[in-house]
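Colleague: This one is query-v2.tsv, TSV, C-alpha atoms (C1' of nucleotides).
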chain	number	residue	atom	x	y	z
R	11	MET	CA	-30.00	14.63	6.05
R	12	THR	CA	-30.25	14.54	2.28
R	13	ARG	CA	-31.84	11.49	0.81
R	14	MET	CA	-29.60	8.74	-0.45
R	15	HIS	CA	-29.10	8.20	-4.14
R	16	LYS	CA	-30.28	4.64	-4.17
R	17	GLU	CA	-31.54	4.84	-7.73
R	18	ASN	CA	-28.00	4.11	-8.84
R	19	ASN	CA	-27.03	2.06	-5.87
R	20	LEU	CA	-24.51	4.44	-4.38
R	21	SER	CA	-24.94	6.49	-1.24
R	22	LYS	CA	-24.38	10.22	-1.27
R	23	ASN	CA	-20.74	10.13	-0.21
R	24	GLN	CA	-20.01	7.14	-2.38
R	25	GLN	CA	-21.46	8.92	-5.39
R	26	ILE	CA	-19.54	12.13	-4.78
R	27	ILE	CA	-16.28	10.27	-4.43
R	28	PHE	CA	-16.93	7.93	-7.33
R	29	ASP	CA	-17.74	10.86	-9.61
R	30	LEU	CA	-14.48	12.55	-8.69
R	31	ILE	CA	-12.42	9.43	-9.36
R	32	ASP	CA	-14.32	8.64	-12.54
R	33	LYS	CA	-13.66	12.09	-13.98
R	34	SER	CA	-9.98	12.04	-13.10
R	35	PRO	CA	-7.50	11.18	-15.84
R	36	GLU	CA	-5.15	9.79	-13.24
R	37	PRO	CA	-5.33	7.69	-10.07
R	38	LEU	CA	-6.34	9.72	-7.05
R	39	LYS	CA	-5.00	9.38	-3.55
R	40	ALA	CA	-7.27	9.36	-0.54
R	41	TYR	CA	-6.18	12.73	0.80
R	42	THR	CA	-6.32	14.32	-2.63
R	43	ILE	CA	-9.89	13.12	-2.76
R	44	LEU	CA	-10.52	14.51	0.71
R	45	TYR	CA	-9.26	17.97	-0.25
R	46	ASN	CA	-11.47	17.92	-3.32
R	47	VAL	CA	-14.69	16.95	-1.60
R	48	GLN	CA	-14.48	19.16	1.46
R	49	LYS	CA	-16.61	21.72	-0.30
R	50	LYS	CA	-19.28	19.03	-0.54
R	51	GLY	CA	-19.29	18.46	3.18
R	52	ILE	CA	-17.01	15.47	3.44
R	53	ASN	CA	-14.62	16.59	6.11
R	54	ALA	CA	-12.70	13.70	7.57
R	55	PRO	CA	-10.55	10.79	6.40
R	56	PRO	CA	-12.86	8.04	7.64
R	57	GLN	CA	-15.63	9.32	5.41
R	58	VAL	CA	-13.35	9.04	2.40
R	59	TYR	CA	-11.88	5.68	3.32
R	60	ARG	CA	-15.29	4.18	4.01
R	61	ALA	CA	-16.58	5.23	0.63
R	62	LEU	CA	-13.40	3.99	-1.04
R	63	ASP	CA	-13.65	0.62	0.71
R	64	LYS	CA	-17.21	0.18	-0.44
R	65	LEU	CA	-16.49	1.27	-4.01
R	66	VAL	CA	-13.60	-1.18	-4.19
R	67	GLU	CA	-15.78	-3.91	-2.73
R	68	ILE	CA	-18.47	-3.48	-5.34
R	69	GLY	CA	-15.94	-3.11	-8.14
R	70	LYS	CA	-16.65	0.48	-9.14
R	71	ILE	CA	-13.05	1.46	-8.46
R	72	HIS	CA	-9.74	-0.31	-8.04
R	73	LYS	CA	-6.80	0.42	-5.81
R	74	ILE	CA	-3.39	0.67	-7.43
R	75	GLU	CA	-1.51	-0.91	-4.57
R	76	SER	CA	1.93	0.26	-5.60
R	77	LYS	CA	0.73	3.86	-5.60
R	78	ASN	CA	-1.91	3.91	-2.87
R	79	ALA	CA	-4.24	5.46	-5.38
R	80	PHE	CA	-7.63	4.74	-6.84
R	81	VAL	CA	-9.02	4.55	-10.37
R	82	ALA	CA	-12.51	3.99	-11.70
R	83	CYS	CA	-13.08	0.62	-13.28
R	84	LYS	CA	-13.23	0.88	-17.04
R	85	ASN	CA	-14.01	-2.74	-17.82
R	86	SER	CA	-17.61	-3.22	-18.85
R	87	ASP	CA	-19.15	-2.18	-15.61
R	88	CYS	CA	-16.64	-3.94	-13.48
R	89	GLU	CA	-17.39	-7.52	-14.32
R	90	ILE	CA	-13.77	-8.43	-13.79
R	91	SER	CA	-13.25	-6.43	-10.66
R	92	LYS	CA	-11.78	-9.45	-8.97
R	93	ALA	CA	-9.22	-9.87	-11.69
R	94	THR	CA	-7.39	-6.63	-12.21
R	95	ALA	CA	-4.38	-5.72	-14.28
R	96	PHE	CA	-2.74	-2.36	-14.78
R	97	SER	CA	0.10	-0.87	-16.73
R	98	ILE	CA	2.04	1.84	-14.98
R	99	CYS	CA	4.55	4.15	-16.63
R	100	GLU	CA	7.53	4.63	-14.35
R	101	SER	CA	8.30	7.96	-15.92
R	102	CYS	CA	5.04	9.88	-16.40
R	103	GLU	CA	3.10	7.72	-13.93
R	104	VAL	CA	0.22	7.14	-16.32
R	105	VAL	CA	-1.88	4.18	-15.27
R	106	ASP	CA	-4.11	2.17	-17.57
R	107	GLU	CA	-6.36	-0.68	-16.73
R	108	ILE	CA	-5.58	-3.60	-18.97
R	109	SER	CA	-8.56	-5.42	-20.37
R	110	ASP	CA	-7.25	-8.45	-22.12
R	111	VAL	CA	-9.56	-11.43	-22.11
R	112	LYS	CA	-6.79	-13.94	-22.72
R	113	LEU	CA	-4.67	-12.59	-19.91
R	114	SER	CA	-7.63	-12.49	-17.59
R	115	LYS	CA	-8.62	-16.06	-18.42
R	116	TYR	CA	-5.08	-17.31	-18.16
R	117	LEU	CA	-4.64	-15.87	-14.68
R	118	SER	CA	-8.11	-16.74	-13.48
R	119	SER	CA	-7.48	-20.37	-14.29
R	120	PHE	CA	-3.98	-20.43	-12.90
R	121	ASN	CA	-3.63	-23.13	-10.31
R	122	HIS	CA	-1.19	-22.91	-7.50
R	123	LYS	CA	0.96	-25.97	-6.96
R	124	LYS	CA	0.35	-25.85	-3.23
R	125	GLY	CA	-3.36	-26.35	-3.65
R	126	MET	CA	-4.53	-22.86	-3.06
R	127	LYS	CA	-7.85	-21.79	-4.51
R	128	PHE	CA	-7.67	-18.26	-5.90
R	129	LYS	CA	-10.62	-15.92	-5.76
R	130	ARG	CA	-8.94	-12.77	-6.92
R	131	PHE	CA	-5.74	-11.32	-8.27
R	132	ASN	CA	-4.08	-8.01	-8.94
R	133	LEU	CA	-1.34	-7.54	-11.50
R	134	GLU	CA	0.71	-4.40	-11.95
R	135	PHE	CA	3.06	-4.01	-14.91
R	136	PHE	CA	5.75	-1.33	-14.85
R	137	GLY	CA	7.62	0.15	-17.75
R	138	LEU	CA	7.76	3.09	-20.08
R	139	CYS	CA	4.75	4.18	-22.04
R	140	LYS	CA	4.84	5.06	-25.73
R	141	LYS	CA	5.50	8.71	-25.04
R	142	CYS	CA	8.22	8.18	-22.46
R	143	LYS	CA	10.33	5.54	-24.14
V	28	MET	CA	32.09	2.45	13.04
V	29	THR	CA	32.19	-1.28	12.50
V	30	ARG	CA	33.44	-2.40	9.16
V	31	MET	CA	30.97	-3.19	6.43
V	32	HIS	CA	30.29	-6.77	5.44
V	33	LYS	CA	31.17	-6.37	1.83
V	34	GLU	CA	32.31	-9.97	1.44
V	35	ASN	CA	28.67	-10.80	0.75
V	36	ASN	CA	27.75	-7.53	-0.82
V	37	LEU	CA	25.47	-6.22	1.88
V	38	SER	CA	26.24	-3.43	4.29
V	39	LYS	CA	25.90	-3.93	8.02
V	40	ASN	CA	22.35	-2.64	8.31
V	41	GLN	CA	21.30	-4.32	5.11
V	42	GLN	CA	22.65	-7.64	6.39
V	43	ILE	CA	20.96	-7.34	9.78
V	44	ILE	CA	17.63	-6.54	8.19
V	45	PHE	CA	17.94	-9.13	5.46
V	46	ASP	CA	18.75	-11.83	8.01
V	47	LEU	CA	15.67	-10.94	10.02
V	48	ILE	CA	13.39	-11.05	7.00
V	49	ASP	CA	15.01	-14.20	5.66
V	50	LYS	CA	14.46	-16.05	8.93
V	51	SER	CA	10.86	-14.93	9.25
V	52	PRO	CA	8.14	-17.37	8.22
V	53	GLU	CA	5.91	-14.47	7.33
V	54	PRO	CA	6.18	-11.06	5.65
V	55	LEU	CA	7.53	-8.42	8.00
V	56	LYS	CA	6.43	-4.81	8.19
V	57	ALA	CA	8.92	-1.98	8.41
V	58	TYR	CA	8.13	-1.04	11.98
V	59	THR	CA	8.11	-4.66	13.11
V	60	ILE	CA	11.58	-4.84	11.67
V	61	LEU	CA	12.54	-1.66	13.44
V	62	TYR	CA	11.41	-2.98	16.84
V	63	ASN	CA	13.38	-6.15	16.24
V	64	VAL	CA	16.66	-4.53	15.28
V	65	GLN	CA	16.81	-1.79	17.88
V	66	LYS	CA	18.94	-4.02	20.05
V	67	LYS	CA	21.42	-4.08	17.19
V	68	GLY	CA	21.68	-0.31	17.10
V	69	ILE	CA	19.26	0.50	14.33
V	70	ASN	CA	17.14	3.14	15.95
V	71	ALA	CA	15.17	5.09	13.41
V	72	PRO	CA	12.75	4.46	10.53
V	73	PRO	CA	14.99	5.92	7.81
V	74	GLN	CA	17.66	3.37	8.58
V	75	VAL	CA	15.16	0.58	8.07
V	76	TYR	CA	13.56	2.03	4.96
V	77	ARG	CA	16.92	2.69	3.34
V	78	ALA	CA	18.01	-0.87	3.85
V	79	LEU	CA	14.66	-2.14	2.62
V	80	ASP	CA	14.83	0.03	-0.48
V	81	LYS	CA	18.27	-1.27	-1.32
V	82	LEU	CA	17.35	-4.91	-0.66
V	83	VAL	CA	14.32	-4.56	-2.91
V	84	GLU	CA	16.43	-2.88	-5.57
V	85	ILE	CA	18.95	-5.71	-5.67
V	86	GLY	CA	16.25	-8.35	-5.50
V	87	LYS	CA	17.11	-9.88	-2.12
V	88	ILE	CA	13.63	-9.12	-0.83
V	89	HIS	CA	10.25	-8.25	-2.30
V	90	LYS	CA	7.54	-5.97	-1.09
V	91	ILE	CA	4.04	-7.40	-0.81
V	92	GLU	CA	2.26	-4.24	-1.88
V	93	SER	CA	-1.16	-5.19	-0.61
V	94	LYS	CA	0.25	-5.76	2.86
V	95	ASN	CA	3.08	-3.23	3.06
V	96	ALA	CA	5.31	-6.05	4.12
V	97	PHE	CA	8.53	-7.62	2.98
V	98	VAL	CA	9.66	-11.17	2.27
V	99	ALA	CA	13.00	-12.64	1.29
V	100	CYS	CA	13.24	-13.75	-2.29
V	101	LYS	CA	13.14	-17.52	-2.55
V	102	ASN	CA	13.64	-17.85	-6.28
V	103	SER	CA	17.09	-19.11	-7.18
V	104	ASP	CA	19.00	-16.15	-5.84
V	105	CYS	CA	16.54	-13.63	-7.09
V	106	GLU	CA	16.99	-13.99	-10.81
V	107	ILE	CA	13.38	-13.09	-11.39
V	108	SER	CA	13.20	-10.25	-8.93
V	109	LYS	CA	11.67	-8.07	-11.60
V	110	ALA	CA	8.90	-10.54	-12.19
V	111	THR	CA	7.23	-11.38	-8.95
V	112	ALA	CA	4.14	-13.38	-8.10
V	113	PHE	CA	2.68	-14.22	-4.74
V	114	SER	CA	-0.20	-16.17	-3.30
V	115	ILE	CA	-1.84	-14.67	-0.26
V	116	CYS	CA	-4.30	-16.46	1.96
V	117	GLU	CA	-7.08	-14.11	2.95
V	118	SER	CA	-7.77	-16.07	6.09
V	119	CYS	CA	-4.44	-16.98	7.70
V	120	GLU	CA	-2.49	-14.37	5.75
V	121	VAL	CA	0.19	-16.83	4.67
V	122	VAL	CA	2.18	-15.53	1.75
V	123	ASP	CA	4.12	-17.68	-0.70
V	124	GLU	CA	6.25	-16.58	-3.56
V	125	ILE	CA	5.14	-18.37	-6.70
V	126	SER	CA	7.91	-19.68	-8.87
V	127	ASP	CA	6.28	-20.92	-12.01
V	128	VAL	CA	8.40	-20.68	-15.12
V	129	LYS	CA	5.45	-20.77	-17.48
V	130	LEU	CA	3.63	-18.03	-15.64
V	131	SER	CA	6.74	-15.92	-15.45
V	132	LYS	CA	7.47	-16.34	-19.15
V	133	TYR	CA	3.88	-15.70	-20.10
V	134	LEU	CA	3.77	-12.44	-18.21
V	135	SER	CA	7.26	-11.33	-19.15
V	136	SER	CA	6.37	-11.60	-22.80
V	137	PHE	CA	2.96	-10.01	-22.42
V	138	ASN	CA	2.64	-7.04	-24.73
V	139	HIS	CA	0.41	-4.15	-23.99
V	140	LYS	CA	-1.89	-3.10	-26.79
V	141	LYS	CA	-1.00	0.52	-26.25
V	142	GLY	CA	2.63	-0.05	-27.07
V	143	MET	CA	4.05	0.03	-23.62
V	144	LYS	CA	7.31	-1.76	-22.97
V	145	PHE	CA	7.25	-3.59	-19.64
V	146	LYS	CA	10.33	-3.97	-17.51
V	147	ARG	CA	8.78	-5.42	-14.42
V	148	PHE	CA	5.58	-6.76	-12.96
V	149	ASN	CA	4.09	-7.76	-9.65
V	150	LEU	CA	1.21	-10.19	-9.33
V	151	GLU	CA	-0.68	-10.93	-6.14
V	152	PHE	CA	-3.20	-13.77	-5.98
V	153	PHE	CA	-5.70	-13.90	-3.14
V	154	GLY	CA	-7.70	-16.86	-1.92
V	155	LEU	CA	-7.79	-19.54	0.70
V	156	CYS	CA	-4.86	-21.82	1.31
V	157	LYS	CA	-5.17	-25.58	1.72
V	158	LYS	CA	-5.55	-25.36	5.47
V	159	CYS	CA	-8.12	-22.58	5.46
V	160	LYS	CA	-10.50	-23.77	2.79
J	30	DT	C1'	-47.29	1.39	11.04
J	31	DT	C1'	-43.91	-0.01	14.12
J	32	DA	C1'	-39.80	-1.85	15.22
J	33	DC	C1'	-35.82	-4.03	14.12
J	34	DA	C1'	-31.54	-4.80	11.47
J	35	DT	C1'	-28.35	-2.99	8.38
J	36	DA	C1'	-25.95	0.51	6.16
J	37	DC	C1'	-24.44	4.94	6.12
J	38	DT	C1'	-22.83	9.40	8.23
J	39	DG	C1'	-20.22	12.60	11.19
J	40	DT	C1'	-16.55	13.39	14.41
J	41	DT	C1'	-12.33	13.27	17.27
J	42	DA	C1'	-8.38	11.18	18.08
J	43	DT	C1'	-4.71	8.23	17.04
J	44	DA	C1'	-2.15	4.51	14.70
J	45	DT	C1'	0.66	3.16	10.90
J	46	DT	C1'	3.65	3.80	7.03
J	47	DA	C1'	7.13	6.56	4.84
J	48	DT	C1'	10.22	10.49	3.71
J	49	DA	C1'	12.84	15.14	4.08
J	50	DA	C1'	16.85	17.14	5.40
J	51	DC	C1'	21.34	17.43	7.21
J	52	DA	C1'	25.82	15.96	9.16
J	53	DA	C1'	29.17	12.44	9.51
J	54	DT	C1'	31.55	8.09	8.33
J	55	DT	C1'	33.06	4.32	5.39
J	56	DC	C1'	34.02	2.17	1.04
J	57	DT	C1'	35.84	1.89	-3.57
J	58	DA	C1'	38.35	2.80	-7.44
J	59	DA	C1'	41.57	5.54	-9.76
I	22	DT	C1'	45.65	9.09	-1.05
I	23	DT	C1'	42.05	11.16	-2.27
I	24	DA	C1'	37.64	12.12	-4.50
I	25	DG	C1'	33.08	10.30	-5.37
I	26	DA	C1'	29.62	7.15	-4.07
I	27	DA	C1'	27.33	4.63	-0.71
I	28	DT	C1'	26.11	4.12	3.87
I	29	DT	C1'	25.04	5.61	8.49
I	30	DG	C1'	22.95	8.28	12.28
I	31	DT	C1'	19.56	11.62	13.75
I	32	DT	C1'	15.52	14.72	14.32
I	33	DA	C1'	11.49	16.05	12.64
I	34	DT	C1'	7.50	15.63	9.94
I	35	DA	C1'	4.61	14.05	6.02
I	36	DA	C1'	1.41	10.79	4.17
I	37	DT	C1'	-1.66	6.96	4.65
I	38	DA	C1'	-5.14	4.59	7.32
I	39	DT	C1'	-8.10	3.09	11.23
I	40	DA	C1'	-10.41	2.92	16.09
I	41	DA	C1'	-14.14	4.16	18.53
I	42	DC	C1'	-18.40	6.20	19.45
I	43	DA	C1'	-22.75	8.59	18.60
I	44	DG	C1'	-26.23	9.54	15.55
I	45	DT	C1'	-29.25	9.16	11.11
I	46	DA	C1'	-31.38	6.89	7.10
I	47	DT	C1'	-33.27	2.91	4.82
I	48	DG	C1'	-35.32	-1.57	3.91
I	49	DT	C1'	-38.18	-5.11	5.48
I	50	DA	C1'	-40.91	-8.07	8.04
I	51	DA	C1'	-44.35	-8.49	11.68
Here is the file; what I need is its structure written in the form of structure tokens.
Modeller:
Amino acid sequence: MTRMHKENNLSKNQQIIFDLIDKSPEPLKAYTILYNVQKKGINAPPQVYRALDKLVEIGKIHKIESKNAFVACKNSDCEISKATAFSICESCEVVDEISDVKLSKYLSSFNHKKGMKFKRFNLEFFGLCKKCK
Amino acid sequence: MTRMHKENNLSKNQQIIFDLIDKSPEPLKAYTILYNVQKKGINAPPQVYRALDKLVEIGKIHKIESKNAFVACKNSDCEISKATAFSICESCEVVDEISDVKLSKYLSSFNHKKGMKFKRFNLEFFGLCKKCK
DNA sequence: TTACATACTGTTATATTATAACAATTCTAA
DNA sequence: TTAGAATTGTTATAATATAACAGTATGTAA
């Protein structure tokens, strides 16, 4: 077994999969990732999903729920990983992570009337990007 | 073939499935719906998904993306169906649609720096509800 | 250094969610 | 009344995700 890459805090599989997502200009789906890492010895879905789960948990990537796809976090080393917002073009499917301090603060301090305490949110905007409109 | 229930704008299958979702205290998944409407002659997944797609399109129901489940719209006959917000308890899984005019206005008028024009958004808050915290 | 707990890996099988494709029926509006 | 649009029914299959189990690596505390 190769040694783990603990110097940067990610295990071997986590690093391979993070690198792939981080280099991708678009959100990647789990099975697209699988096909692309089979040459590196990652052969089965559970290996991909486990790495994805961990990367989401530590904020290195985010899941775009409406697309079942994953993007690397672009916001200052994932400080706001529990407060995510994305813009999604309905035509060309481009996804951008929105980093807007005011928006983030506004939502983070939003209080539910029914007394719920929020720890996390995910916001997905849909529309047409500059090119497509 | 039985006649369609056009008096209220929904087809037979759409009405059956909407009624089920509307009566449910919790979000329903597509296959849970399927199992529950088989006695009414809806036998196959495409019949369920087609009705769901249409109901989402016309704003009678919403999809909770993080749960792949569907809830009836509770907001004044679905006027804001293109601007949805939900609170989700991570412990008991209770989901509530948030109807907060200020929040809705704030997000509807949010402008993306990159010049994207938004037509729609979906916001999901996660935390612990009153009972669970 | 050992031994224990925790995290990670590999693997097979299967569960869950969703759509393609095609044929037929029903509805609606002109 | 008839043509187009929407809906239905059906079979098959695609796409997404997890269960379960066995083994390996790593950190840490005795």
Colleague: Fewer than 4 positions away in the same chain doesn't count, so skip those; otherwise give me all residues within 12 Å of Lys64 of chain R, counting all atoms listed in the file, as a compact mmCIF listing (two decimals) with C-alpha atoms (C1' of nucleotides), keeping the file's coordinate frame.
Modeller:
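Output file selection.txt is given in full below:
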# COMPACT_ATOMS: atom_id res chain seq x y z
CA ASN R 19 -27.03 2.06 -5.87
CA LEU R 20 -24.51 4.44 -4.38
CA SER R 21 -24.94 6.49 -1.24
CA ASN R 23 -20.74 10.13 -0.21
CA GLN R 24 -20.01 7.14 -2.38
CA GLN R 25 -21.46 8.92 -5.39
CA ILE R 27 -16.28 10.27 -4.43
CA PHE R 28 -16.93 7.93 -7.33
CA GLN R 57 -15.63 9.32 5.41
CA VAL R 58 -13.35 9.04 2.40
CA TYR R 59 -11.88 5.68 3.32
CA ARG R 60 -15.29 4.18 4.01
CA ILE R 68 -18.47 -3.48 -5.34
CA GLY R 69 -15.94 -3.11 -8.14
CA LYS R 70 -16.65 0.48 -9.14
CA ILE R 71 -13.05 1.46 -8.46
CA HIS R 72 -9.74 -0.31 -8.04
CA LYS R 73 -6.80 0.42 -5.81
C1' DA J 36 -25.95 0.51 6.16
C1' DC J 37 -24.44 4.94 6.12
Colleague: So how far away is atom CA of Lys94 of chain V from atom CA of Gln65 of chain V, in Å?
Modeller: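 Atom-to-atom, atom CA of Gln65 of chain V to atom CA of Lys94 of chain V, that is 22.7 Å.
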Colleague: Define the interface residues of chain J facing chain V as those within 8 Å, counting only C-alpha atoms (C1' of nucleotides), and report them as a list in words.
Modeller: DT46, DA47, DT48, DT54 and DT55 of chain J
Colleague: Atoms to include: C-alpha atoms (C1' of nucleotides). Write the selected residues as a PDB file, in the coordinates of the input.
Modeller:
ATOM      1  C1'  DT J  46       3.650   3.800   7.030  1.00  0.00           C
ATOM      2  C1'  DA J  47       7.130   6.560   4.840  1.00  0.00           C
ATOM      3  C1'  DT J  48      10.220  10.490   3.710  1.00  0.00           C
ATOM      4  C1'  DT J  54      31.550   8.090   8.330  1.00  0.00           C
ATOM      5  C1'  DT J  55      33.060   4.320   5.390  1.00  0.00           C
TER       6       DT J  55
END
Colleague: Could you check how far atom CA of Lys144 of chain V sits from atom CA of Lys132 of chain V, in Å to one decimal?
Modeller: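 For atom CA of Lys144 of chain V relative to atom CA of Lys132 of chain V, the distance reads 15.1 Å.
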Colleague: Distance cut-off 10 Å, counting only C-alpha atoms (C1' of nucleotides) - which residues of chain I neighbour chain R? Return them as a PyMOL selection string.
Modeller: chain I and resi 36-39+45-47
Colleague: Taking only C-alpha atoms into account, what are the residues of chain V at most 9 Å from chain R, put as a PyMOL selection string?
Modeller: chain V and resi 92-93+112+114-116+125+127+130+134+137+139-158+160
Colleague: Please return the superposed copy of chain V as a short mmCIF file (atom, residue, chain, number, x, y, z; two decimals) with C-alpha atoms, in the coordinates of the input; the fit should be least squares onto chain R across all sequentially paired Cα atoms.
Modeller:
data_model
loop_
_atom_site.label_atom_id
_atom_site.label_comp_id
_atom_site.auth_asym_id
_atom_site.auth_seq_id
_atom_site.Cartn_x
_atom_site.Cartn_y
_atom_site.Cartn_z
CA MET V 28 -29.79 14.69 6.09
CA THR V 29 -30.16 14.67 2.34
CA ARG V 30 -31.70 11.59 0.88
CA MET V 31 -29.47 8.85 -0.43
CA HIS V 32 -29.08 8.31 -4.15
CA LYS V 33 -30.18 4.74 -4.16
CA GLU V 34 -31.56 4.91 -7.69
CA ASN V 35 -28.04 4.12 -8.86
CA ASN V 36 -27.03 2.08 -5.89
CA LEU V 37 -24.49 4.43 -4.40
CA SER V 38 -24.92 6.49 -1.28
CA LYS V 39 -24.36 10.22 -1.31
CA ASN V 40 -20.73 10.13 -0.24
CA GLN V 41 -20.00 7.13 -2.40
CA GLN V 42 -21.47 8.92 -5.42
CA ILE V 43 -19.53 12.13 -4.80
CA ILE V 44 -16.28 10.26 -4.45
CA PHE V 45 -16.93 7.92 -7.34
CA ASP V 46 -17.73 10.86 -9.62
CA LEU V 47 -14.47 12.55 -8.70
CA ILE V 48 -12.41 9.44 -9.36
CA ASP V 49 -14.31 8.63 -12.54
CA LYS V 50 -13.66 12.08 -13.98
CA SER V 51 -9.98 12.04 -13.08
CA PRO V 52 -7.49 11.19 -15.82
CA GLU V 53 -5.15 9.78 -13.23
CA PRO V 54 -5.33 7.68 -10.05
CA LEU V 55 -6.35 9.73 -7.04
CA LYS V 56 -5.02 9.36 -3.52
CA ALA V 57 -7.31 9.35 -0.52
CA TYR V 58 -6.22 12.70 0.82
CA THR V 59 -6.35 14.31 -2.61
CA ILE V 60 -9.91 13.11 -2.74
CA LEU V 61 -10.55 14.49 0.71
CA TYR V 62 -9.28 17.97 -0.23
CA ASN V 63 -11.48 17.92 -3.31
CA VAL V 64 -14.71 16.94 -1.60
CA GLN V 65 -14.51 19.15 1.46
CA LYS V 66 -16.62 21.73 -0.31
CA LYS V 67 -19.29 19.05 -0.57
CA GLY V 68 -19.32 18.47 3.16
CA ILE V 69 -17.05 15.48 3.43
CA ASN V 70 -14.67 16.60 6.10
CA ALA V 71 -12.76 13.71 7.56
CA PRO V 72 -10.58 10.80 6.39
CA PRO V 73 -12.90 8.05 7.64
CA GLN V 74 -15.67 9.31 5.41
CA VAL V 75 -13.39 9.03 2.40
CA TYR V 76 -11.91 5.67 3.32
CA ARG V 77 -15.33 4.17 4.00
CA ALA V 78 -16.60 5.22 0.62
CA LEU V 79 -13.43 3.98 -1.03
CA ASP V 80 -13.67 0.63 0.72
CA LYS V 81 -17.23 0.18 -0.43
CA LEU V 82 -16.50 1.27 -4.01
CA VAL V 83 -13.61 -1.18 -4.17
CA GLU V 84 -15.79 -3.92 -2.71
CA ILE V 85 -18.48 -3.49 -5.34
CA GLY V 86 -15.94 -3.12 -8.12
CA LYS V 87 -16.66 0.48 -9.13
CA ILE V 88 -13.06 1.45 -8.46
CA HIS V 89 -9.74 -0.32 -8.03
CA LYS V 90 -6.82 0.41 -5.80
CA ILE V 91 -3.41 0.67 -7.43
CA GLU V 92 -1.51 -0.92 -4.57
CA SER V 93 1.92 0.26 -5.58
CA LYS V 94 0.72 3.86 -5.59
CA ASN V 95 -1.93 3.88 -2.87
CA ALA V 96 -4.25 5.44 -5.36
CA PHE V 97 -7.64 4.71 -6.84
CA VAL V 98 -9.03 4.56 -10.36
CA ALA V 99 -12.51 3.98 -11.71
CA CYS V 100 -13.06 0.60 -13.26
CA LYS V 101 -13.21 0.85 -17.02
CA ASN V 102 -13.98 -2.77 -17.80
CA SER V 103 -17.56 -3.28 -18.92
CA ASP V 104 -19.19 -2.24 -15.69
CA CYS V 105 -16.66 -3.96 -13.53
CA GLU V 106 -17.39 -7.57 -14.34
CA ILE V 107 -13.78 -8.48 -13.78
CA SER V 108 -13.25 -6.44 -10.66
CA LYS V 109 -11.78 -9.46 -8.96
CA ALA V 110 -9.21 -9.88 -11.68
CA THR V 111 -7.38 -6.66 -12.20
CA ALA V 112 -4.37 -5.73 -14.29
CA PHE V 113 -2.74 -2.38 -14.78
CA SER V 114 0.10 -0.86 -16.72
CA ILE V 115 2.04 1.85 -14.96
CA CYS V 116 4.53 4.14 -16.61
CA GLU V 117 7.51 4.64 -14.35
CA SER V 118 8.28 7.97 -15.93
CA CYS V 119 5.02 9.88 -16.39
CA GLU V 120 3.11 7.71 -13.92
CA VAL V 121 0.22 7.14 -16.31
CA VAL V 122 -1.88 4.19 -15.26
CA ASP V 123 -4.11 2.17 -17.57
CA GLU V 124 -6.36 -0.68 -16.71
CA ILE V 125 -5.58 -3.61 -18.97
CA SER V 126 -8.57 -5.42 -20.35
CA ASP V 127 -7.23 -8.45 -22.10
CA VAL V 128 -9.54 -11.44 -22.12
CA LYS V 129 -6.77 -13.93 -22.73
CA LEU V 130 -4.66 -12.59 -19.91
CA SER V 131 -7.61 -12.50 -17.58
CA LYS V 132 -8.62 -16.06 -18.42
CA TYR V 133 -5.07 -17.30 -18.17
CA LEU V 134 -4.63 -15.88 -14.70
CA SER V 135 -8.10 -16.75 -13.48
CA SER V 136 -7.48 -20.38 -14.29
CA PHE V 137 -3.96 -20.42 -12.91
CA ASN V 138 -3.61 -23.12 -10.29
CA HIS V 139 -1.16 -22.91 -7.50
CA LYS V 140 1.00 -25.96 -6.99
CA LYS V 141 0.38 -25.86 -3.27
CA GLY V 142 -3.33 -26.38 -3.69
CA MET V 143 -4.50 -22.89 -3.06
CA LYS V 144 -7.82 -21.82 -4.51
CA PHE V 145 -7.64 -18.28 -5.89
CA LYS V 146 -10.59 -15.94 -5.78
CA ARG V 147 -8.93 -12.78 -6.91
CA PHE V 148 -5.72 -11.34 -8.27
CA ASN V 149 -4.08 -8.02 -8.94
CA LEU V 150 -1.34 -7.55 -11.50
CA GLU V 151 0.71 -4.40 -11.95
CA PHE V 152 3.06 -4.01 -14.91
CA PHE V 153 5.73 -1.33 -14.84
CA GLY V 154 7.62 0.16 -17.75
CA LEU V 155 7.73 3.10 -20.07
CA CYS V 156 4.71 4.19 -22.04
CA LYS V 157 4.81 5.08 -25.72
CA LYS V 158 5.46 8.74 -25.04
CA CYS V 159 8.19 8.20 -22.48
CA LYS V 160 10.30 5.58 -24.17
#
Colleague: Mind giving me the straight-line distance from atom CA of Asn70 of chain V to atom CA of Glu124 of chain V in Å, one decimal?
Modeller: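 If I compute the distance from atom CA of Asn70 of chain V to atom CA of Glu124 of chain V, I get 29.8 Å.
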Colleague: Quick one: everything within 12 Å of DT23 of chain I, counting only C-alpha atoms (C1' of nucleotides), minus sequence neighbours fewer than 2 positions away in the same chain. Send it as a PyMOL selection string.
Modeller: (chain J and resi 57-59) or (chain I and resi 25)
Colleague: Calculated over all atoms listed in the file, which of the candidates J:DA42, J:DC56, J:DA34, J:DA50 has the smallest distance to DA33 of chain I?
Modeller: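 Checking each candidate against DA33 of chain I, we get J:DA50 as the closest.
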Colleague: Axis-aligned box over every listed atom of segment 40-53 of chain V, padded by 6 Å per side: centre and edges in Å to one decimal, as AutoDock Vina command-line options?
Modeller:
--center_x 14.3 --center_y -10.0 --center_z 7.6 --size_x 28.7 --size_y 26.7 --size_z 16.9
Colleague: Limit the output to C-alpha atoms and give segment 133-140 of chain R as a tab-separated table (two decimals), in the first residue's frame.
Modeller:
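After the write, out21.tsv holds the following:
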chain	number	residue	atom	x	y	z
R	133	LEU	CA	-28.55	28.29	-2.28
R	134	GLU	CA	-28.79	27.64	-6.00
R	135	PHE	CA	-29.72	30.42	-8.41
R	136	PHE	CA	-30.85	29.58	-11.93
R	137	GLY	CA	-30.92	31.81	-14.95
R	138	LEU	CA	-29.05	32.72	-18.08
R	139	CYS	CA	-25.43	33.70	-17.98
R	140	LYS	CA	-24.00	36.68	-19.84
